[in-house]
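Visitor: Supplied structure: structure_5.tsv, TSV, C-alpha atoms and all ligand atoms.
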```
chain	number	residue	atom	x	y	z
A	1	MET	CA	10.69	-16.45	17.53
A	2	VAL	CA	7.46	-16.73	15.60
A	3	VAL	CA	4.59	-14.54	16.79
A	4	ARG	CA	1.13	-16.06	16.41
A	5	GLY	CA	-2.37	-14.70	16.83
A	6	GLN	CA	-2.49	-16.25	20.26
A	7	ASP	CA	0.52	-14.17	21.34
A	8	ILE	CA	-1.21	-10.99	20.17
A	9	ARG	CA	-4.31	-11.90	22.17
A	10	GLU	CA	-2.25	-12.70	25.23
A	11	ALA	CA	-0.34	-9.40	25.02
A	12	ALA	CA	-3.64	-7.52	24.70
A	13	ARG	CA	-5.14	-9.35	27.69
A	14	THR	CA	-2.06	-8.83	29.85
A	15	LEU	CA	-2.12	-5.10	29.12
A	16	GLY	CA	-5.82	-4.77	29.91
A	17	LEU	CA	-6.76	-3.93	26.34
A	18	SER	CA	-9.56	-6.46	25.83
A	19	GLY	CA	-12.84	-4.89	24.81
A	20	ARG	CA	-11.36	-1.40	24.51
A	21	PRO	CA	-11.10	0.97	21.56
A	22	LEU	CA	-7.47	1.43	20.55
A	23	CYS	CA	-5.51	3.77	18.33
A	24	VAL	CA	-2.62	1.67	17.12
A	25	HIS	CA	0.67	3.02	15.78
A	26	ALA	CA	2.80	0.06	14.89
A	27	SER	CA	5.90	-1.24	13.19
A	28	LEU	CA	5.17	-4.76	12.01
A	29	ARG	CA	8.90	-5.31	11.66
A	30	SER	CA	9.34	-4.73	15.40
A	31	PHE	CA	7.51	-8.02	16.11
A	32	GLY	CA	10.02	-10.29	14.43
A	33	TRP	CA	8.24	-12.88	12.29
A	34	VAL	CA	4.46	-12.78	12.58
A	35	ASP	CA	2.66	-15.87	11.35
A	36	GLY	CA	-0.08	-14.36	9.18
A	37	GLY	CA	1.52	-10.89	9.06
A	38	ALA	CA	-0.40	-7.68	9.69
A	39	GLU	CA	-3.72	-9.52	9.31
A	40	ALA	CA	-2.87	-11.70	12.28
A	41	VAL	CA	-2.17	-8.66	14.46
A	42	VAL	CA	-5.51	-7.07	13.54
A	43	ASP	CA	-7.37	-10.37	13.94
A	44	GLY	CA	-5.78	-10.98	17.33
A	45	LEU	CA	-6.93	-7.60	18.64
A	46	LEU	CA	-10.41	-8.02	17.17
A	47	ALA	CA	-10.67	-11.46	18.78
A	48	GLU	CA	-10.11	-9.72	22.12
A	49	GLY	CA	-13.07	-7.46	21.42
A	50	CYS	CA	-10.92	-4.40	20.69
A	51	THR	CA	-11.80	-1.74	18.17
A	52	VAL	CA	-8.70	-1.08	16.08
A	53	MET	CA	-8.19	2.44	14.74
A	54	VAL	CA	-5.11	3.27	12.66
A	55	PRO	CA	-3.82	6.29	10.76
A	56	THR	CA	-4.47	6.02	7.02
A	57	PHE	CA	-2.90	9.25	5.79
A	58	SER	CA	-3.04	9.91	2.07
A	59	TRP	CA	-1.04	13.05	1.32
A	60	GLU	CA	0.54	11.52	-1.76
A	61	ALA	CA	-2.81	10.97	-3.42
A	62	PHE	CA	-4.83	14.03	-2.43
A	63	ALA	CA	-2.66	17.04	-1.44
A	64	VAL	CA	-3.03	20.06	-3.73
A	65	ASP	CA	-1.67	23.61	-3.78
A	66	PRO	CA	-3.62	26.43	-2.14
A	67	LEU	CA	-5.67	29.11	-3.86
A	68	PRO	CA	-4.32	32.63	-3.21
A	69	PRO	CA	-6.76	33.42	-0.36
A	70	GLN	CA	-5.93	30.15	1.35
A	71	GLN	CA	-2.46	31.10	2.52
A	72	PRO	CA	-2.67	32.29	6.13
A	73	PRO	CA	0.49	33.55	7.83
A	74	ARG	CA	2.31	31.48	10.49
A	75	ASN	CA	1.13	28.29	8.84
A	76	GLY	CA	4.45	26.43	8.68
A	77	ALA	CA	4.26	26.65	4.91
A	78	ASP	CA	6.51	28.07	2.24
A	79	TYR	CA	4.14	29.79	-0.18
A	80	VAL	CA	6.99	31.13	-2.29
A	81	ALA	CA	8.04	27.68	-3.42
A	82	VAL	CA	7.12	27.12	-7.05
A	83	PRO	CA	3.73	25.43	-7.16
A	84	ARG	CA	3.97	22.01	-8.63
A	85	ARG	CA	1.33	19.90	-10.17
A	86	ARG	CA	0.46	17.46	-7.46
A	87	PRO	CA	-1.08	14.08	-8.07
A	88	GLY	CA	-4.23	15.09	-6.17
A	89	THR	CA	-5.08	17.95	-8.51
A	90	ASP	CA	-7.78	16.06	-10.36
A	91	ARG	CA	-9.02	13.94	-7.50
A	92	ILE	CA	-11.61	14.23	-4.77
A	93	TYR	CA	-11.28	12.20	-1.62
A	94	THR	CA	-14.17	10.26	-0.19
A	95	PRO	CA	-14.00	7.83	2.76
A	96	GLU	CA	-14.42	4.99	0.27
A	97	ALA	CA	-10.96	5.75	-1.19
A	98	MET	CA	-8.29	3.07	-0.85
A	99	ASP	CA	-5.26	5.38	-1.18
A	100	LEU	CA	-2.67	5.30	1.58
A	101	ASP	CA	0.85	6.67	2.05
A	102	ARG	CA	2.09	3.13	2.26
A	103	THR	CA	5.74	3.87	3.12
A	104	ASP	CA	4.85	6.07	6.07
A	105	MET	CA	1.81	4.17	7.29
A	106	GLY	CA	3.07	0.60	7.10
A	107	ALA	CA	1.45	-2.80	6.85
A	108	ILE	CA	-1.08	-2.71	9.68
A	109	PRO	CA	-2.96	0.39	8.47
A	110	ALA	CA	-2.93	-1.13	4.98
A	111	ALA	CA	-4.46	-4.33	6.39
A	112	VAL	CA	-7.21	-2.41	8.21
A	113	LEU	CA	-7.96	-0.23	5.18
A	114	ALA	CA	-8.32	-3.29	2.95
A	115	ARG	CA	-11.09	-4.80	5.09
A	116	PRO	CA	-14.50	-4.35	3.52
A	117	GLN	CA	-16.16	-3.53	6.85
A	118	ARG	CA	-13.69	-0.78	7.79
A	119	VAL	CA	-14.90	2.74	8.45
A	120	ARG	CA	-12.73	5.61	7.25
A	121	GLY	CA	-12.80	9.23	8.34
A	122	ASP	CA	-13.80	12.14	6.13
A	123	HIS	CA	-10.38	13.79	5.86
A	124	PRO	CA	-8.48	13.78	2.55
A	125	LEU	CA	-4.98	13.92	4.04
A	126	MET	CA	-5.06	12.62	7.62
A	127	SER	CA	-7.88	10.13	7.84
A	128	PHE	CA	-7.98	7.23	10.26
A	129	ALA	CA	-9.72	3.94	9.61
A	130	ALA	CA	-11.16	1.53	12.12
A	131	VAL	CA	-12.61	-1.95	12.43
A	132	GLY	CA	-14.38	-3.50	15.38
A	133	PRO	CA	-17.48	-2.92	17.47
A	134	ARG	CA	-17.03	0.84	18.04
A	135	ALA	CA	-15.47	1.76	14.70
A	136	GLU	CA	-18.38	3.87	13.50
A	137	GLU	CA	-18.65	5.77	16.78
A	138	LEU	CA	-14.94	6.65	16.81
A	139	ILE	CA	-14.61	7.68	13.18
A	140	ALA	CA	-17.91	9.52	12.68
A	141	GLY	CA	-16.74	12.95	13.89
A	142	GLN	CA	-13.71	13.34	11.66
A	143	GLU	CA	-14.05	16.10	9.09
A	144	PRO	CA	-11.65	18.30	7.13
A	145	LEU	CA	-11.84	20.94	9.87
A	146	ALA	CA	-12.08	18.47	12.75
A	147	VAL	CA	-9.07	16.31	12.07
A	148	PHE	CA	-8.60	15.09	15.64
A	149	ALA	CA	-12.28	14.55	16.53
A	150	LEU	CA	-11.77	10.80	16.44
A	151	LEU	CA	-9.05	11.01	19.05
A	152	ARG	CA	-11.42	12.96	21.26
A	153	ALA	CA	-13.95	10.19	20.71
A	154	LEU	CA	-11.29	7.65	21.64
A	155	SER	CA	-10.63	9.52	24.89
A	156	ALA	CA	-14.33	9.79	25.67
A	157	ALA	CA	-14.73	6.05	25.12
A	158	GLY	CA	-11.99	5.22	27.62
A	159	GLY	CA	-9.70	4.13	24.82
A	160	ALA	CA	-5.94	3.87	24.64
A	161	VAL	CA	-3.15	4.66	22.24
A	162	VAL	CA	-0.86	1.69	21.74
A	163	LEU	CA	2.64	2.24	20.36
A	164	MET	CA	3.90	-1.09	19.04
A	165	GLY	CA	7.63	-0.75	18.46
A	166	VAL	CA	7.43	2.95	17.53
A	167	GLY	CA	8.18	6.16	19.41
A	168	LEU	CA	6.18	9.14	20.64
A	169	ASP	CA	6.94	10.90	17.36
A	170	ARG	CA	4.23	8.67	15.85
A	171	MET	CA	1.52	9.55	18.35
A	172	THR	CA	-1.08	11.73	16.61
A	173	LEU	CA	-2.86	12.20	19.95
A	174	LEU	CA	-0.09	14.62	20.90
A	175	HIS	CA	-1.24	16.94	18.10
A	176	LEU	CA	-4.64	16.97	19.80
A	177	ALA	CA	-2.82	17.90	23.01
A	178	GLU	CA	-1.17	20.80	21.16
A	179	GLN	CA	-4.58	21.98	19.98
A	180	ASP	CA	-5.99	21.70	23.50
A	181	ALA	CA	-3.04	23.78	24.70
A	182	GLY	CA	-4.32	26.59	22.46
A	183	ARG	CA	-2.50	26.03	19.18
A	184	VAL	CA	-4.45	26.32	15.95
A	185	PRO	CA	-3.73	23.29	13.73
A	186	PHE	CA	-1.89	24.02	10.51
A	187	ARG	CA	-3.92	24.22	7.30
A	188	ARG	CA	-3.10	22.30	4.16
A	189	TRP	CA	-5.13	21.77	0.99
A	190	ALA	CA	-7.09	19.12	-0.83
A	191	ASN	CA	-10.02	19.27	-3.22
A	192	GLY	CA	-13.44	19.67	-1.67
A	193	ARG	CA	-16.47	17.84	-2.95
A	194	ASP	CA	-16.91	20.62	-5.50
A	195	GLY	CA	-13.48	19.91	-6.96
A	196	ARG	CA	-11.87	23.12	-5.72
A	197	PRO	CA	-9.05	23.32	-3.18
A	198	MET	CA	-10.25	23.64	0.41
A	199	MET	CA	-8.31	24.15	3.60
A	200	VAL	CA	-8.10	21.21	5.94
A	201	GLU	CA	-6.68	20.91	9.44
A	202	VAL	CA	-3.52	18.83	9.80
A	203	GLY	CA	-0.95	18.01	12.44
A	204	GLY	CA	2.45	19.68	12.35
A	205	CYS	CA	5.95	18.44	13.06
A	206	SER	CA	6.10	15.58	15.56
A	207	ARG	CA	9.83	15.01	15.69
A	208	GLY	CA	10.05	16.81	19.03
A	209	PHE	CA	7.33	14.73	20.72
A	210	PRO	CA	9.85	12.35	22.35
A	211	HIS	CA	10.72	15.28	24.65
A	212	LEU	CA	7.41	14.48	26.36
A	213	GLU	CA	8.68	11.05	27.49
A	214	PRO	CA	9.43	12.06	31.09
A	215	VAL	CA	6.07	13.82	31.41
A	216	LEU	CA	4.11	10.82	30.12
A	217	ALA	CA	6.21	8.12	31.80
A	218	PRO	CA	3.90	7.79	34.83
A	219	LEU	CA	0.94	6.96	32.54
A	220	VAL	CA	2.43	4.26	30.35
A	221	VAL	CA	1.99	0.50	30.75
A	222	VAL	CA	4.57	-1.59	28.94
A	223	GLY	CA	4.28	-5.11	27.54
A	224	LYS	CA	5.58	-7.23	24.70
A	225	ALA	CA	4.42	-9.34	21.78
A	226	GLY	CA	7.31	-11.23	20.23
A	227	HIS	CA	10.11	-8.68	20.04
A	228	SER	CA	7.71	-5.76	19.79
A	229	VAL	CA	7.56	-3.54	22.84
A	230	TRP	CA	3.98	-2.31	23.33
A	231	ARG	CA	3.43	0.90	25.24
A	232	VAL	CA	-0.13	1.64	26.25
A	233	PHE	CA	-1.22	5.21	26.98
A	234	PRO	CA	-4.72	5.99	28.30
A	235	ALA	CA	-5.93	8.43	25.65
A	236	GLY	CA	-7.82	10.97	27.75
A	237	GLU	CA	-5.26	11.27	30.52
A	238	THR	CA	-2.35	11.33	28.08
A	239	ALA	CA	-3.88	14.16	26.07
A	240	ALA	CA	-4.61	16.12	29.24
A	241	VAL	CA	-1.14	15.68	30.76
A	242	ALA	CA	0.61	16.44	27.46
A	243	SER	CA	-1.57	19.49	26.90
A	244	ARG	CA	-0.66	20.87	30.32
A	245	ALA	CA	3.03	20.28	29.59
A	246	VAL	CA	2.79	22.07	26.23
A	247	LYS	CA	1.02	25.02	27.87
A	248	GLN	CA	3.63	25.21	30.58
A	249	THR	CA	6.69	24.76	28.34
A	250	PRO	CA	5.67	25.47	24.73
A	251	SER	CA	9.16	24.75	23.41
A	252	ILE	CA	8.92	21.14	24.64
A	253	THR	CA	7.57	20.11	21.23
A	254	ARG	CA	10.36	21.76	19.24
A	255	CYS	CA	12.48	19.40	17.17
A	256	ASP	CA	16.19	19.76	16.45
A	257	LYS	CA	15.79	20.99	12.89
A	258	PRO	CA	16.61	24.68	12.56
A	259	ALA	CA	13.84	26.86	11.07
A	260	CYS	CA	11.28	24.06	11.27
A	261	ARG	CA	7.51	24.60	11.11
A	262	CYS	CA	7.68	23.75	14.80
A	263	ASP	CA	8.35	27.44	15.37
A	264	ASP	CA	5.05	28.49	13.81
A	265	ALA	CA	3.21	25.88	15.88
A	266	ILE	CA	4.84	27.07	19.10
A	267	ALA	CA	3.88	30.67	18.22
A	268	GLY	CA	0.24	29.52	18.09
A	269	GLY	CA	-0.25	28.21	14.57
A	270	PRO	CA	-1.87	29.88	11.56
A	271	ILE	CA	-3.52	33.27	11.89
A	272	LEU	CA	-6.96	32.82	10.35
A	273	THR	CA	-9.45	35.53	9.52
A	274	GLY	CA	-12.32	33.18	8.72
A	275	SER	CA	-12.63	34.43	5.17
A	276	GLU	CA	-10.10	32.06	3.67
A	277	GLU	CA	-11.78	28.73	4.02
A	278	PRO	CA	-14.06	27.63	1.21
A	279	TYR	CA	-15.23	24.53	2.95
A	280	THR	CA	-17.73	22.44	1.09
A	281	LYS	CA	-19.46	19.80	3.03
A	282	CYS	CA	-21.97	18.55	0.52
A	283	LYS	CA	-22.00	14.80	0.92
A	284	VAL	CA	-21.63	12.81	-2.23
A	285	LYS	CA	-24.07	9.95	-2.14
A	286	ASN	CA	-22.85	6.60	-3.43
A	287	ALA	CA	-19.48	8.11	-4.14
A	288	LYS	CA	-17.09	6.16	-6.22
A	289	PRO	CA	-13.69	5.50	-4.64
A	290	ALA	CA	-12.03	8.33	-6.51
A	291	LEU	CA	-14.12	10.98	-8.18
A	292	SER	CA	-12.47	13.12	-10.76
A	293	ALA	CA	-12.81	16.83	-10.20
A	294	ALA	CA	-15.28	17.00	-13.06
A	295	GLU	CA	-17.48	14.37	-11.46
A	296	GLY	CA	-17.47	16.10	-8.11
A	297	CYS	CA	-20.38	17.75	-6.42
A	298	LYS	CA	-21.46	20.35	-8.95
A	299	VAL	CA	-24.24	21.57	-6.75
A	300	ARG	CA	-22.97	24.11	-4.34
A	301	ALA	CA	-26.10	24.06	-2.29
A	302	SER	CA	-25.85	23.03	1.35
A	303	VAL	CA	-22.42	24.56	1.60
A	304	GLY	CA	-23.84	27.38	3.65
A	305	SER	CA	-22.27	30.65	4.59
A	306	THR	CA	-18.88	29.18	5.44
A	307	VAL	CA	-17.98	29.19	1.77
A	308	ALA	CA	-15.98	32.22	0.78
A	309	SER	CA	-16.14	33.46	-2.74
A	310	VAL	CA	-12.75	33.23	-4.36
B	1	ZN	ZN	10.06	20.36	13.77
```
Could you spell out this file's structure in structure tokens?
Guide:
Amino acid sequence: MVVRGQDIREAARTLGLSGRPLCVHASLRSFGWVDGGAEAVVDGLLAEGCTVMVPTFSWEAFAVDPLPPQQPPRNGADYVAVPRRRPGTDRIYTPEAMDLDRTDMGAIPAAVLARPQRVRGDHPLMSFAAVGPRAEELIAGQEPLAVFALLRALSAAGGAVVLMGVGLDRMTLLHLAEQDAGRVPFRRWANGRDGRPMMVEVGGCSRGFPHLEPVLAPLVVVGKAGHSVWRVFPAGETAAVASRAVKQTPSITRCDKPACRCDDAIAGGPILTGSEEPYTKCKVKNAKPALSAAEGCKVRASVGSTVASV
């Protein structure tokens, strides 16, 4: 079976997705053979008037080790492990960057990220990128300490999360549900605009998310494009229902791995005092795709009182 753009459009129409903003988590392989590959999937959705938002995580390029005051307890992190020189040490993320954890993200995020008109969030490790009529509106709120803002925007816009041949363990929206249930998101580290490590919010372990299947089953609409099973979840309702379930039964998100960071998440996430987050938000104008630390924002004006001295 060959899947063509027309089949993508038809699947979108059948599932009521036309004209809506979507967060897409997809396995291109699940489709079988797609004529035109990932591009054809994105084009098909755009032709239906959808806005297509995808995860474009970039841990491999931008993660760094924490400074000593940036190591809160209950953070699902092993601070004793020998620090290693990470590839991100000399780099500063900007939304113009093209880096992507290609193995984890797959072909469709890579296709969206490569489009010149795409908009990418301001988060060095867990950005999303979007194309389509409402791309700017969805992405605008994402910041290092507001990692899931764009999923809130998706909910507010009546959007949906579409799982294309992947499971609930890929649904980032469920991390938003955890936060809404009262959990503080884990902190990890990447260079700020001033070239020094800053703390950024990230999602935790998602291997236990499939336990939410029975809770979310009443919300899902199922369709198909080629061999790919599409499952459509209304974003707002899904986050609300999942959040209630997490509040009621916190252990529902626990995965099978013993001593996983799941445990810290279930206990409430990192314990923050507010003094540990040098968070520089000086915008770099006309930023190059990858600034070196030396080229970064040397002016520490406009960083305000949220910057701790280290
Ligand atoms: Zn886990």
Visitor: Out of A:Cys255, A:Ala129, A:Leu272, A:Ala235, which residue has the shortest atom-to-atom distance to ligand ZN 1 (chain B) when counting all atoms listed in the file?
Guide: A:Cys255
Visitor: Please identify all polymer residues within 10 Å of region 94-108 of chain A, counting all atoms listed in the file, omitting same-chain residues fewer than 2 positions from it, and present them as a PyMOL selection string.
Guide: chain A and resi 24-29+37-42+54-62+91-92+110-114+116+118-129+170+192-193+283-284+286-291
Visitor: Go ahead and dump the residues you just picked, C-alpha atoms, as a PDB file, in the coordinates of the input.
Guide:
```pdb
ATOM      1  CA  VAL A  24      -2.620   1.670  17.120  1.00  0.00           C
ATOM      2  CA  HIS A  25       0.670   3.020  15.780  1.00  0.00           C
ATOM      3  CA  ALA A  26       2.800   0.060  14.890  1.00  0.00           C
ATOM      4  CA  SER A  27       5.900  -1.240  13.190  1.00  0.00           C
ATOM      5  CA  LEU A  28       5.170  -4.760  12.010  1.00  0.00           C
ATOM      6  CA  ARG A  29       8.900  -5.310  11.660  1.00  0.00           C
ATOM      7  CA  GLY A  37       1.520 -10.890   9.060  1.00  0.00           C
ATOM      8  CA  ALA A  38      -0.400  -7.680   9.690  1.00  0.00           C
ATOM      9  CA  GLU A  39      -3.720  -9.520   9.310  1.00  0.00           C
ATOM     10  CA  ALA A  40      -2.870 -11.700  12.280  1.00  0.00           C
ATOM     11  CA  VAL A  41      -2.170  -8.660  14.460  1.00  0.00           C
ATOM     12  CA  VAL A  42      -5.510  -7.070  13.540  1.00  0.00           C
ATOM     13  CA  VAL A  54      -5.110   3.270  12.660  1.00  0.00           C
ATOM     14  CA  PRO A  55      -3.820   6.290  10.760  1.00  0.00           C
ATOM     15  CA  THR A  56      -4.470   6.020   7.020  1.00  0.00           C
ATOM     16  CA  PHE A  57      -2.900   9.250   5.790  1.00  0.00           C
ATOM     17  CA  SER A  58      -3.040   9.910   2.070  1.00  0.00           C
ATOM     18  CA  TRP A  59      -1.040  13.050   1.320  1.00  0.00           C
ATOM     19  CA  GLU A  60       0.540  11.520  -1.760  1.00  0.00           C
ATOM     20  CA  ALA A  61      -2.810  10.970  -3.420  1.00  0.00           C
ATOM     21  CA  PHE A  62      -4.830  14.030  -2.430  1.00  0.00           C
ATOM     22  CA  ARG A  91      -9.020  13.940  -7.500  1.00  0.00           C
ATOM     23  CA  ILE A  92     -11.610  14.230  -4.770  1.00  0.00           C
ATOM     24  CA  ALA A 110      -2.930  -1.130   4.980  1.00  0.00           C
ATOM     25  CA  ALA A 111      -4.460  -4.330   6.390  1.00  0.00           C
ATOM     26  CA  VAL A 112      -7.210  -2.410   8.210  1.00  0.00           C
ATOM     27  CA  LEU A 113      -7.960  -0.230   5.180  1.00  0.00           C
ATOM     28  CA  ALA A 114      -8.320  -3.290   2.950  1.00  0.00           C
ATOM     29  CA  PRO A 116     -14.500  -4.350   3.520  1.00  0.00           C
ATOM     30  CA  ARG A 118     -13.690  -0.780   7.790  1.00  0.00           C
ATOM     31  CA  VAL A 119     -14.900   2.740   8.450  1.00  0.00           C
ATOM     32  CA  ARG A 120     -12.730   5.610   7.250  1.00  0.00           C
ATOM     33  CA  GLY A 121     -12.800   9.230   8.340  1.00  0.00           C
ATOM     34  CA  ASP A 122     -13.800  12.140   6.130  1.00  0.00           C
ATOM     35  CA  HIS A 123     -10.380  13.790   5.860  1.00  0.00           C
ATOM     36  CA  PRO A 124      -8.480  13.780   2.550  1.00  0.00           C
ATOM     37  CA  LEU A 125      -4.980  13.920   4.040  1.00  0.00           C
ATOM     38  CA  MET A 126      -5.060  12.620   7.620  1.00  0.00           C
ATOM     39  CA  SER A 127      -7.880  10.130   7.840  1.00  0.00           C
ATOM     40  CA  PHE A 128      -7.980   7.230  10.260  1.00  0.00           C
ATOM     41  CA  ALA A 129      -9.720   3.940   9.610  1.00  0.00           C
ATOM     42  CA  ARG A 170       4.230   8.670  15.850  1.00  0.00           C
ATOM     43  CA  GLY A 192     -13.440  19.670  -1.670  1.00  0.00           C
ATOM     44  CA  ARG A 193     -16.470  17.840  -2.950  1.00  0.00           C
ATOM     45  CA  LYS A 283     -22.000  14.800   0.920  1.00  0.00           C
ATOM     46  CA  VAL A 284     -21.630  12.810  -2.230  1.00  0.00           C
ATOM     47  CA  ASN A 286     -22.850   6.600  -3.430  1.00  0.00           C
ATOM     48  CA  ALA A 287     -19.480   8.110  -4.140  1.00  0.00           C
ATOM     49  CA  LYS A 288     -17.090   6.160  -6.220  1.00  0.00           C
ATOM     50  CA  PRO A 289     -13.690   5.500  -4.640  1.00  0.00           C
ATOM     51  CA  ALA A 290     -12.030   8.330  -6.510  1.00  0.00           C
ATOM     52  CA  LEU A 291     -14.120  10.980  -8.180  1.00  0.00           C
TER      53      LEU A 291
END
```
Visitor: In Å, rounded to a single decimal, give me how far CA of Asp43 (chain A) is from CA of Ala12 (chain A).
Guide: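 We find that CA of Ala12 (chain A) and CA of Asp43 (chain A) lie 11.7 Å from each other.
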Visitor: As an exercise, work out the distance from CA of Arg261 (chain A) to CA of Arg74 (chain A) in Å and give it to one decimal place.
Guide: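 The value is 8.6 Å.
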Visitor: Using all atoms listed in the file, determine which residues lie at most 7 Å from Gly44 (chain A), disregarding the query and same-chain residues fewer than 2 positions distant; provide the list as a list in words.
Guide: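 Near Gly44 (chain A), the qualifying residues are Gly5, Gln6, Ile8, Arg9, Ala40, Val41, Val42, Leu46, Ala47 and Glu48 of chain A.
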Visitor: List as a PyMOL selection string the protein and nucleic acid residues lying within 9 Å of ligand ZN 1 (chain B), with all atoms listed in the file counted.
Guide: chain A and resi 204-208+253-263
Visitor: Hey, can you check how far CA of Trp33 (chain A) sits from CA of Gly165 (chain A)?
Guide: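 Separating CA of Trp33 (chain A) from CA of Gly165 (chain A) is a distance of 13.6 Å.
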Visitor: Which one of A:His211, A:Arg187, A:Arg244, A:Arg231 sits closest to Ala77 (chain A) if you count all atoms listed in the file?
Guide: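 Looking at the shortest contact to Ala77 (chain A), the residue is A:Arg187.
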Visitor: Find the residues near Val220 (chain A): any atom within 8 Å, counting all atoms listed in the file, skip ones fewer than 5 places away on the same chain, and give them as a list in words.
Guide: Arg231, Val232, Phe233 and Pro234 of chain A
Visitor: Taking only C-alpha atoms into account, which of A:Gly32, A:Pro270, A:Gly76, A:Pro214 comes nearest Ser228 (chain A)?
Guide: A:Gly32
Visitor: Pick the closest to Glu237 (chain A) from A:Arg183, A:Arg152, A:Lys224, A:Arg196: which is it, counting all atoms listed in the file?
Guide: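 Among the listed residues, the smallest separation from Glu237 (chain A) belongs to A:Arg152.
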Visitor: Under the rule that all atoms listed in the file are counted, which of A:Gln117, A:Val229, A:Asp90, A:Ala245 is the nearest residue to Asp194 (chain A)?
Guide: A:Asp90
Visitor: Pick the closest to Gly236 (chain A) from A:Gly158, A:Gly141, A:Pro21, A:Pro69: which is it, counting all atoms listed in the file?
Guide: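 Among the listed residues, the smallest separation from Gly236 (chain A) belongs to A:Gly158.
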Visitor: Please list as a ChimeraX atom specification every residue within 12 Å of Ala149 (chain A), counting only C-alpha atoms and excluding residues in the same chain fewer than 2 positions away.
Guide: /A:121-123,126-128,137-147,151-156,172-173,175-177,179-180,201-202
Visitor: Tell me, as a VMD selection string, which residues lie within 8 Å of Pro210 (chain A), counting all atoms listed in the file; anything in the same chain fewer than 2 positions away does not count.
Guide: chain A and resid 167 to 169 207 to 208 212 to 213
Visitor: How about completing region 57-69 of chain A with N, CA and C atoms and giving it to me as an mmCIF file, in the coordinates of the input?
Guide:
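What landed in part10.cif:
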```
data_model
loop_
_atom_site.group_PDB
_atom_site.id
_atom_site.type_symbol
_atom_site.label_atom_id
_atom_site.label_comp_id
_atom_site.auth_asym_id
_atom_site.auth_seq_id
_atom_site.Cartn_x
_atom_site.Cartn_y
_atom_site.Cartn_z
ATOM 1 N N PHE A 57 -3.157 7.974 6.453
ATOM 2 C CA PHE A 57 -2.900 9.250 5.790
ATOM 3 C C PHE A 57 -2.709 9.039 4.293
ATOM 4 N N SER A 58 -3.064 10.067 3.530
ATOM 5 C CA SER A 58 -3.040 9.910 2.070
ATOM 6 C C SER A 58 -2.638 11.221 1.396
ATOM 7 N N TRP A 59 -1.559 11.801 1.886
ATOM 8 C CA TRP A 59 -1.040 13.050 1.320
ATOM 9 C C TRP A 59 -0.637 12.845 -0.137
ATOM 10 N N GLU A 60 0.008 11.735 -0.409
ATOM 11 C CA GLU A 60 0.540 11.520 -1.760
ATOM 12 C C GLU A 60 -0.560 11.534 -2.805
ATOM 13 N N ALA A 61 -1.728 11.072 -2.445
ATOM 14 C CA ALA A 61 -2.810 10.970 -3.420
ATOM 15 C C ALA A 61 -3.663 12.229 -3.527
ATOM 16 N N PHE A 62 -3.784 13.000 -2.441
ATOM 17 C CA PHE A 62 -4.830 14.030 -2.430
ATOM 18 C C PHE A 62 -4.379 15.466 -2.119
ATOM 19 N N ALA A 63 -3.092 15.665 -1.756
ATOM 20 C CA ALA A 63 -2.660 17.040 -1.440
ATOM 21 C C ALA A 63 -2.624 17.886 -2.711
ATOM 22 N N VAL A 64 -3.104 19.120 -2.605
ATOM 23 C CA VAL A 64 -3.030 20.060 -3.730
ATOM 24 C C VAL A 64 -2.447 21.387 -3.235
ATOM 25 N N ASP A 65 -2.169 22.287 -4.159
ATOM 26 C CA ASP A 65 -1.670 23.610 -3.780
ATOM 27 C C ASP A 65 -2.826 24.537 -3.437
ATOM 28 N N PRO A 66 -2.551 25.541 -2.590
ATOM 29 C CA PRO A 66 -3.620 26.430 -2.140
ATOM 30 C C PRO A 66 -4.010 27.470 -3.184
ATOM 31 N N LEU A 67 -5.259 27.923 -3.107
ATOM 32 C CA LEU A 67 -5.670 29.110 -3.860
ATOM 33 C C LEU A 67 -5.075 30.327 -3.131
ATOM 34 N N PRO A 68 -4.953 31.457 -3.855
ATOM 35 C CA PRO A 68 -4.320 32.630 -3.210
ATOM 36 C C PRO A 68 -4.938 33.027 -1.861
ATOM 37 N N PRO A 69 -6.255 33.000 -1.677
ATOM 38 C CA PRO A 69 -6.760 33.420 -0.360
ATOM 39 C C PRO A 69 -6.624 32.352 0.727
#
```
